file upload-v6.txt (compact mmCIF, C-alpha atoms and all ligand atoms)
# COMPACT_ATOMS: atom_id res chain seq x y z
CA MET A 1 136.63 -82.76 24.68
CA PRO A 2 133.20 -81.44 23.65
CA GLU A 3 130.88 -84.45 23.45
CA LEU A 4 127.45 -84.67 21.86
CA PRO A 5 125.63 -82.97 24.78
CA GLU A 6 128.00 -80.00 24.73
CA VAL A 7 127.61 -79.64 20.97
CA GLU A 8 123.82 -79.83 21.28
CA ILE A 9 123.91 -77.30 24.13
CA THR A 10 126.00 -74.97 21.96
CA ARG A 11 123.41 -75.31 19.19
CA ARG A 12 120.49 -74.63 21.51
CA GLY A 13 122.35 -71.68 23.02
CA LEU A 14 122.82 -70.05 19.63
CA LEU A 15 119.30 -70.70 18.30
CA PRO A 16 117.58 -67.75 20.04
CA ASP A 17 120.14 -65.28 18.71
CA LEU A 18 121.37 -66.18 15.27
CA PRO A 19 119.01 -67.82 12.73
CA GLY A 20 117.36 -65.17 10.53
CA ARG A 21 120.33 -62.82 10.86
CA LYS A 22 122.73 -61.80 8.11
CA ILE A 23 126.45 -62.55 8.16
CA ASP A 24 128.09 -59.19 7.49
CA ALA A 25 131.67 -60.36 7.33
CA VAL A 26 134.02 -63.21 8.20
CA VAL A 27 137.46 -62.88 9.79
CA VAL A 28 139.89 -65.79 9.56
CA ARG A 29 142.95 -65.49 11.82
CA HIS A 30 144.32 -69.00 11.46
CA THR A 31 143.81 -70.86 8.20
CA MET A 32 144.84 -74.33 9.41
CA LEU A 33 142.75 -76.38 11.82
CA ARG A 34 142.36 -80.15 11.32
CA TYR A 35 141.92 -79.26 7.65
CA PRO A 36 142.74 -75.98 5.90
CA LEU A 37 139.87 -73.51 6.17
CA PRO A 38 138.02 -72.88 2.92
CA PRO A 39 139.76 -70.08 1.01
CA ALA A 40 137.80 -66.84 0.60
CA LEU A 41 135.35 -67.81 3.34
CA ASP A 42 134.32 -64.16 3.63
CA ARG A 43 133.26 -64.07 -0.02
CA LEU A 44 131.29 -67.33 0.39
CA LEU A 45 129.36 -66.31 3.51
CA ALA A 46 129.12 -62.53 3.73
CA GLY A 47 125.76 -61.09 2.80
CA HIS A 48 123.87 -64.35 3.36
CA ILE A 49 121.19 -64.99 5.98
CA LEU A 50 121.83 -67.82 8.44
CA ARG A 51 118.70 -69.92 7.91
CA GLY A 52 119.16 -72.45 10.69
CA ILE A 53 121.59 -74.42 12.86
CA ASP A 54 121.28 -78.21 12.83
CA ARG A 55 123.46 -80.98 14.22
CA ARG A 56 124.58 -84.39 12.92
CA GLY A 57 126.61 -86.27 15.51
CA LYS A 58 129.14 -83.77 16.77
CA TYR A 59 129.00 -81.66 13.59
CA LEU A 60 127.15 -78.35 13.72
CA LEU A 61 125.52 -77.43 10.41
CA PHE A 62 125.06 -73.71 9.74
CA ARG A 63 122.54 -73.52 6.89
CA LEU A 64 122.76 -70.73 4.33
CA ASP A 65 120.96 -70.51 0.99
CA PRO A 66 124.02 -71.40 -1.14
CA GLY A 67 125.29 -74.18 1.13
CA THR A 68 126.18 -75.32 4.64
CA LEU A 69 129.09 -74.45 6.90
CA ILE A 70 130.07 -77.57 8.89
CA VAL A 71 131.80 -76.86 12.21
CA HIS A 72 133.38 -79.53 14.42
CA LEU A 73 134.79 -78.46 17.78
CA GLY A 74 137.54 -81.10 17.79
CA MET A 75 139.34 -81.63 21.12
CA SER A 76 139.16 -78.17 22.59
CA GLY A 77 136.93 -75.95 20.45
CA SER A 78 134.12 -73.71 21.60
CA LEU A 79 131.74 -71.27 19.96
CA ARG A 80 130.64 -68.15 21.79
CA LEU A 81 128.69 -64.99 21.05
CA VAL A 82 130.68 -61.91 21.96
CA PRO A 83 130.17 -58.16 21.43
CA ALA A 84 131.76 -56.84 18.22
CA ALA A 85 134.19 -54.71 20.23
CA GLU A 86 135.69 -57.62 22.16
CA PRO A 87 139.32 -58.11 21.09
CA PRO A 88 140.21 -61.66 19.96
CA GLY A 89 142.39 -63.90 22.10
CA LYS A 90 145.34 -65.96 20.96
CA HIS A 91 143.24 -69.02 20.11
CA ASP A 92 140.28 -67.23 18.50
CA HIS A 93 140.70 -68.39 14.91
CA LEU A 94 137.44 -67.46 13.22
CA ASP A 95 134.75 -64.77 13.60
CA LEU A 96 131.39 -64.68 11.87
CA ILE A 97 130.19 -61.11 12.30
CA PHE A 98 126.45 -60.56 12.73
CA GLY A 99 125.95 -56.80 13.19
CA ALA A 100 126.89 -55.95 16.78
CA SER A 101 127.74 -59.53 17.76
CA ILE A 102 130.37 -62.00 16.73
CA LEU A 103 130.13 -65.78 16.65
CA ARG A 104 133.70 -66.64 17.64
CA LEU A 105 135.47 -70.00 17.30
CA ARG A 106 138.16 -70.61 19.89
CA ASP A 107 140.26 -73.75 19.48
CA PRO A 108 143.58 -73.91 21.38
CA ARG A 109 144.55 -77.38 20.09
CA ARG A 110 143.30 -76.76 16.54
CA PHE A 111 141.76 -80.20 15.99
CA GLY A 112 138.46 -78.60 15.04
CA ALA A 113 137.15 -78.33 11.50
CA VAL A 114 135.38 -75.70 9.42
CA ILE A 115 134.16 -76.95 6.06
CA TRP A 116 131.99 -75.32 3.40
CA VAL A 117 129.65 -77.58 1.45
CA LYS A 118 127.75 -76.30 -1.53
CA GLY A 119 124.41 -78.03 -2.04
CA GLN A 120 123.48 -81.28 -0.24
CA VAL A 121 125.37 -81.61 3.02
CA ASN A 122 124.08 -85.13 3.78
CA ALA A 123 126.14 -86.57 0.92
CA HIS A 124 129.38 -85.07 2.28
CA PRO A 125 131.95 -87.80 3.13
CA LEU A 126 132.10 -86.68 6.79
CA ILE A 127 128.31 -86.73 7.22
CA ALA A 128 127.13 -89.58 4.95
CA PRO A 129 128.63 -92.50 6.98
CA LEU A 130 127.22 -91.30 10.32
CA GLY A 131 124.90 -93.65 12.20
CA ILE A 132 121.61 -92.81 13.85
CA GLU A 133 121.11 -90.06 16.43
CA PRO A 134 120.85 -91.42 19.99
CA LEU A 135 118.41 -88.70 21.04
CA SER A 136 116.04 -89.46 18.14
CA ASN A 137 113.07 -91.83 18.24
CA VAL A 138 114.78 -94.05 15.66
CA PHE A 139 117.15 -95.18 18.43
CA SER A 140 114.92 -97.70 20.23
CA GLY A 141 115.26 -101.09 21.88
CA GLY A 142 113.84 -102.70 18.74
CA TRP A 143 116.41 -100.94 16.56
CA LEU A 144 119.30 -101.96 18.84
CA HIS A 145 118.10 -105.56 18.98
CA ASP A 146 117.81 -105.79 15.16
CA ALA A 147 121.12 -104.00 14.54
CA THR A 148 123.11 -106.27 16.86
CA ARG A 149 121.89 -109.72 15.73
CA GLY A 150 124.87 -111.84 14.72
CA ARG A 151 127.37 -109.31 16.10
CA ALA A 152 130.08 -110.67 18.42
CA LYS A 153 131.40 -107.17 19.16
CA ALA A 154 131.23 -106.08 22.83
CA ILE A 155 128.15 -103.93 23.45
CA LYS A 156 130.25 -101.01 24.69
CA LEU A 157 132.22 -100.93 21.43
CA PHE A 158 129.00 -101.22 19.43
CA LEU A 159 127.55 -98.19 21.24
CA MET A 160 130.74 -96.24 20.48
CA ASP A 161 130.77 -97.14 16.76
CA SER A 162 129.80 -93.91 14.99
CA HIS A 163 128.74 -95.83 11.88
CA ALA A 164 125.98 -97.38 14.03
CA ILE A 165 125.16 -94.61 16.54
CA VAL A 166 126.71 -91.14 16.64
CA GLY A 167 128.03 -89.28 19.64
CA VAL A 168 128.13 -91.96 22.34
CA GLY A 169 131.75 -91.55 23.43
CA ASN A 170 133.73 -93.56 25.94
CA ILE A 171 132.39 -91.77 29.02
CA TYR A 172 128.74 -91.94 27.99
CA ALA A 173 128.99 -95.60 26.92
CA SER A 174 130.50 -96.56 30.32
CA GLU A 175 127.94 -94.55 32.28
CA SER A 176 125.00 -95.84 30.22
CA LEU A 177 125.93 -99.51 30.64
CA PHE A 178 126.23 -99.00 34.38
CA ARG A 179 122.74 -97.46 34.46
CA ALA A 180 121.45 -100.40 32.39
CA GLY A 181 123.19 -102.99 34.59
CA VAL A 182 124.88 -104.59 31.57
CA ASP A 183 128.50 -105.83 31.51
CA PRO A 184 130.32 -103.77 28.83
CA ARG A 185 132.00 -106.94 27.47
CA THR A 186 128.70 -108.66 26.62
CA PRO A 187 128.63 -109.70 22.93
CA ALA A 188 126.06 -107.35 21.35
CA GLY A 189 124.36 -110.18 19.49
CA LYS A 190 123.63 -112.04 22.74
CA LEU A 191 121.53 -109.24 24.28
CA SER A 192 117.84 -109.94 24.79
CA ARG A 193 115.25 -107.48 23.55
CA LYS A 194 114.52 -106.50 27.15
CA ARG A 195 118.18 -105.67 27.81
CA CYS A 196 118.31 -103.68 24.55
CA ASP A 197 115.34 -101.63 25.83
CA ARG A 198 117.19 -101.00 29.09
CA ILE A 199 120.40 -99.95 27.32
CA VAL A 200 118.59 -97.51 25.01
CA SER A 201 116.72 -95.95 27.96
CA ALA A 202 120.01 -95.66 29.83
CA VAL A 203 121.82 -93.97 26.91
CA LYS A 204 118.99 -91.46 26.54
CA ALA A 205 118.91 -90.84 30.31
CA THR A 206 122.70 -90.36 30.48
CA LEU A 207 122.77 -87.92 27.56
CA GLY A 208 119.62 -86.25 28.91
CA ALA A 209 121.24 -85.73 32.31
CA ALA A 210 124.24 -84.10 30.63
CA LEU A 211 121.95 -81.84 28.60
CA ALA A 212 120.04 -80.87 31.74
CA ALA A 213 123.27 -80.17 33.63
CA GLY A 214 124.52 -78.04 30.74
CA GLY A 215 121.18 -76.34 30.21
CA SER A 216 121.40 -74.40 33.44
CA THR A 217 124.87 -73.05 32.64
CA LEU A 218 124.25 -72.75 28.92
CA ARG A 219 123.56 -69.06 28.55
CA ASP A 220 126.43 -68.22 30.87
CA PHE A 221 128.79 -70.28 28.79
CA ILE A 222 127.74 -69.14 25.35
CA HIS A 223 127.78 -65.51 26.46
CA SER A 224 130.85 -65.61 28.69
CA ASP A 225 134.56 -65.53 28.00
CA GLY A 226 134.54 -69.32 27.99
CA SER A 227 137.21 -69.52 30.64
CA SER A 228 135.14 -71.82 32.83
CA GLY A 229 135.26 -74.53 30.16
CA TRP A 230 132.66 -77.23 29.79
CA PHE A 231 130.52 -78.38 32.68
CA GLN A 232 131.66 -81.47 34.55
CA MET A 233 129.31 -84.39 35.07
CA GLN A 234 129.31 -86.42 38.26
CA HIS A 235 130.31 -89.83 36.94
CA LEU A 236 128.79 -93.04 38.27
CA VAL A 237 131.67 -95.32 37.22
CA TYR A 238 133.83 -93.49 34.67
CA GLY A 239 137.24 -92.58 36.11
CA ARG A 240 136.41 -94.32 39.41
CA GLY A 241 138.50 -97.53 39.10
CA GLY A 242 139.12 -99.06 42.55
CA GLU A 243 136.56 -96.78 44.24
CA PRO A 244 133.34 -98.15 45.72
CA CYS A 245 130.32 -98.51 43.41
CA ARG A 246 127.76 -95.81 44.23
CA LEU A 247 125.00 -98.45 44.30
CA CYS A 248 126.46 -101.56 45.96
CA GLY A 249 129.85 -100.58 47.35
CA ALA A 250 131.82 -103.18 45.34
CA LYS A 251 135.10 -101.96 43.84
CA VAL A 252 134.64 -100.40 40.37
CA ARG A 253 136.82 -102.29 37.89
CA LEU A 254 138.97 -100.81 35.16
CA LEU A 255 139.88 -102.78 32.04
CA GLN A 256 140.86 -102.07 28.47
CA LEU A 257 138.27 -102.80 25.80
CA GLY A 258 139.16 -101.88 22.21
CA GLN A 259 142.13 -99.95 23.67
CA ARG A 260 139.77 -97.69 25.64
CA SER A 261 139.56 -97.49 29.43
CA THR A 262 136.35 -99.17 30.52
CA PHE A 263 134.92 -98.80 34.01
CA PHE A 264 132.18 -101.04 35.41
CA CYS A 265 130.83 -102.60 38.57
CA PRO A 266 131.28 -106.38 38.48
CA ARG A 267 128.34 -106.82 40.89
CA CYS A 268 125.77 -104.43 39.33
CA GLN A 269 126.64 -105.17 35.68
CA ARG A 270 126.10 -108.68 34.36
ZN ZN A 301 127.68 -101.98 42.04

call {"tool": "encode", "arguments": {"input": "upload-v6.txt", "output": "C-alpha cells", "more": "lines below"}}
Ligand SMILES: [Zn+2]
result
Amino acid sequence: MPELPEVEITRRGLLPDLPGRKIDAVVVRHTMLRYPLPPALDRLLAGHILRGIDRRGKYLLFRLDPGTLIVHLGMSGSLRLVPAAEPPGKHDHLDLIFGASILRLRDPRRFGAVIWVKGQVNAHPLIAPLGIEPLSNVFSGGWLHDATRGRAKAIKLFLMDSHAIVGVGNIYASESLFRAGVDPRTPAGKLSRKRCDRIVSAVKATLGAALAAGGSTLRDFIHSDGSSGWFQMQHLVYGRGGEPCRLCGAKVRLLQLGQRSTFFCPRCQR
C-alpha cells in the first residue's frame, strides 16, 4: 500500500513536470473507485492551469484556479507520467492530458479516490480532521509530550491515530519505536519529555530513510510502466517476528496491539 513516503515521492516526482501546465482534456475509463468519480470531470478541469501539487497526509492536492482535485492512491494506486501515445492498460482508470504527456492513474484494487472540491479544500470532511504532518516542524518532542498528557493509549496506537498525526502507518510506527528504544505498549501519557524527543526524531528518521530510498528510484518509477511497484524498505523489526534483533540478537516479538501486528525487541525497547 502506498504510504506517506511514497505519496510524497510521487508529488516530488511530478513537481518538475506539471505545475504551470494546462490540462487539455480528461479521460475517465472507470467511474467507480472508493467513491464515484465526479461527473463531467473533463468539463471541470479541461482548459485550466495546474497551479501546484500539495499533500495532506496521504492525499495529493492538485490545485487549479476553480478548486482542488484530491487524489488518494488507496491500496494499490499509482500515478505516472506517460507519453500521450501510450495505450492504457486494464487498470488505468483516469488520464489527465497535458499536451504530449498524460498523468495516468492506475489502481487495480480500486480503493483509491478522486474528488473535486470547489473553493477551500481544508474544510473538506476528508481533510479537515487530519492531524499534524510528521515531516513538519510542528511535530516536535514538545508537541508530542503536550498532546499525550493524560492519555492511557499505547504510544504505537497514538502515533498511528490520523487525527493526531497523519501518515504514520503500522510499519513506520513499529520501525520508529524500535529506533527510539521505546516499548510500543507504553501508555503515551507516561512518556518523559526526553523519550518524546527520541520518538519524534525516530519517526522523522524512519520516514526520511524511506524518502531517501525512494528518491533514487523516483524518476524511474514516475516515468516507467510502474511494473516494478513501490520500493521495498529493509525493515529493522517489522515482519521479523522470531528472527534475531539486528542490534542485540534477542528474538523479535510479535503481538497484537489494537488488532494490528506489532513487532518489537523486548531487550532494546523498554
Ligand atoms: Zn534488540

call {"tool": "residues_near_ligand", "arguments": {"input": "upload-v6.txt", "ligand": "ligand ZN 301 (chain A)", "cutoff": "6 Å", "atoms": "all atoms listed in the file", "output": "PyMOL selection string"}}
result
chain A and resi 245+247-250+265+267-268

call {"tool": "closest_residue", "arguments": {"input": "upload-v6.txt", "among": "A:Phe98, A:Trp143, A:Phe263, A:Tyr35", "to": "Val200 (chain A)", "atoms": "only C-alpha atoms"}}
result
A:Trp143

call {"tool": "closest_residue", "arguments": {"input": "upload-v6.txt", "among": "A:His72, A:Lys251, A:Arg240, A:Lys156", "to": "Tyr59 (chain A)", "atoms": "only C-alpha atoms"}}
result
A:His72

call {"tool": "residues_around", "arguments": {"input": "upload-v6.txt", "residues": "Cys196 (chain A)", "least_positions_apart": "5", "cutoff": "12 Å", "atoms": "only C-alpha atoms", "output": "MDAnalysis selection string"}}
result
chainID A and resid 139:149 155 159 176:177 180:182 186 188:191 201:203

call {"tool": "closest_residue", "arguments": {"input": "upload-v6.txt", "among": "A:Asp107, A:Glu133, A:Glu243, A:Glu8", "to": "Met75 (chain A)", "atoms": "all atoms listed in the file"}}
result
A:Asp107

call {"tool": "atom_distance", "arguments": {"input": "upload-v6.txt", "atom1": "CA of Leu64 (chain A)", "atom2": "CA of Leu50 (chain A)"}}
result
5.1 Å

call {"tool": "atom_distance", "arguments": {"input": "upload-v6.txt", "atom1": "CA of Lys204 (chain A)", "atom2": "CA of Val166 (chain A)"}}
result
12.6 Å

call {"tool": "residues_around", "arguments": {"input": "upload-v6.txt", "residues": "Val168 (chain A)", "least_positions_apart": "6", "cutoff": "8 Å", "atoms": "all atoms listed in the file", "output": "ChimeraX atom specification"}}
result
/A:4,134,159-160,162

call {"tool": "write_last_selection", "arguments": {"input": "upload-v6.txt", "atoms": "C-alpha atoms", "output": "short mmCIF file (atom, residue, chain, number, x, y, z; two decimals), in the coordinates of the input"}}
result
data_model
loop_
_atom_site.label_atom_id
_atom_site.label_comp_id
_atom_site.auth_asym_id
_atom_site.auth_seq_id
_atom_site.Cartn_x
_atom_site.Cartn_y
_atom_site.Cartn_z
CA LEU A 4 127.45 -84.67 21.86
CA PRO A 134 120.85 -91.42 19.99
CA LEU A 159 127.55 -98.19 21.24
CA MET A 160 130.74 -96.24 20.48
CA SER A 162 129.80 -93.91 14.99
#

call {"tool": "atom_distance", "arguments": {"input": "upload-v6.txt", "atom1": "CA of Arg106 (chain A)", "atom2": "CA of Leu94 (chain A)"}}
result
7.4 Å

call {"tool": "residues_around", "arguments": {"input": "upload-v6.txt", "residues": "Thr262 (chain A)", "least_positions_apart": "5", "cutoff": "10 Å", "atoms": "only C-alpha atoms", "output": "number ranges by chain"}}
result
A: 156, 170-171, 173-175, 184-185, 237-239, 241, 253-257

call {"tool": "closest_atom_pairs", "arguments": {"input": "upload-v6.txt", "of": "region 67-113 of chain A", "to": "region 17-22 of chain A", "cutoff": "12 Å", "atoms": "all atoms listed in the file", "output": "JSON lines"}}
result
{"residue": "A:Arg80", "atom": "CA", "partner": "A:Asp17", "partner_atom": "CA", "distance": 11.3}
{"residue": "A:Leu81", "atom": "CA", "partner": "A:Asp17", "partner_atom": "CA", "distance": 8.9}
{"residue": "A:Val82", "atom": "CA", "partner": "A:Asp17", "partner_atom": "CA", "distance": 11.5}
{"residue": "A:Leu96", "atom": "CA", "partner": "A:Lys22", "partner_atom": "CA", "distance": 9.9}
{"residue": "A:Ile97", "atom": "CA", "partner": "A:Lys22", "partner_atom": "CA", "distance": 8.6}
{"residue": "A:Phe98", "atom": "CA", "partner": "A:Lys22", "partner_atom": "CA", "distance": 6.1}
{"residue": "A:Gly99", "atom": "CA", "partner": "A:Lys22", "partner_atom": "CA", "distance": 7.8}
{"residue": "A:Ala100", "atom": "CA", "partner": "A:Arg21", "partner_atom": "CA", "distance": 11.2}
{"residue": "A:Ser101", "atom": "CA", "partner": "A:Leu18", "partner_atom": "CA", "distance": 9.5}
{"residue": "A:Ile102", "atom": "CA", "partner": "A:Leu18", "partner_atom": "CA", "distance": 10.0}
{"residue": "A:Leu103", "atom": "CA", "partner": "A:Leu18", "partner_atom": "CA", "distance": 8.9}

call {"tool": "closest_residue", "arguments": {"input": "upload-v6.txt", "among": "A:Pro2, A:Leu14, A:Arg151, A:Arg179", "to": "Gly112 (chain A)", "atoms": "only C-alpha atoms"}}
result
A:Pro2
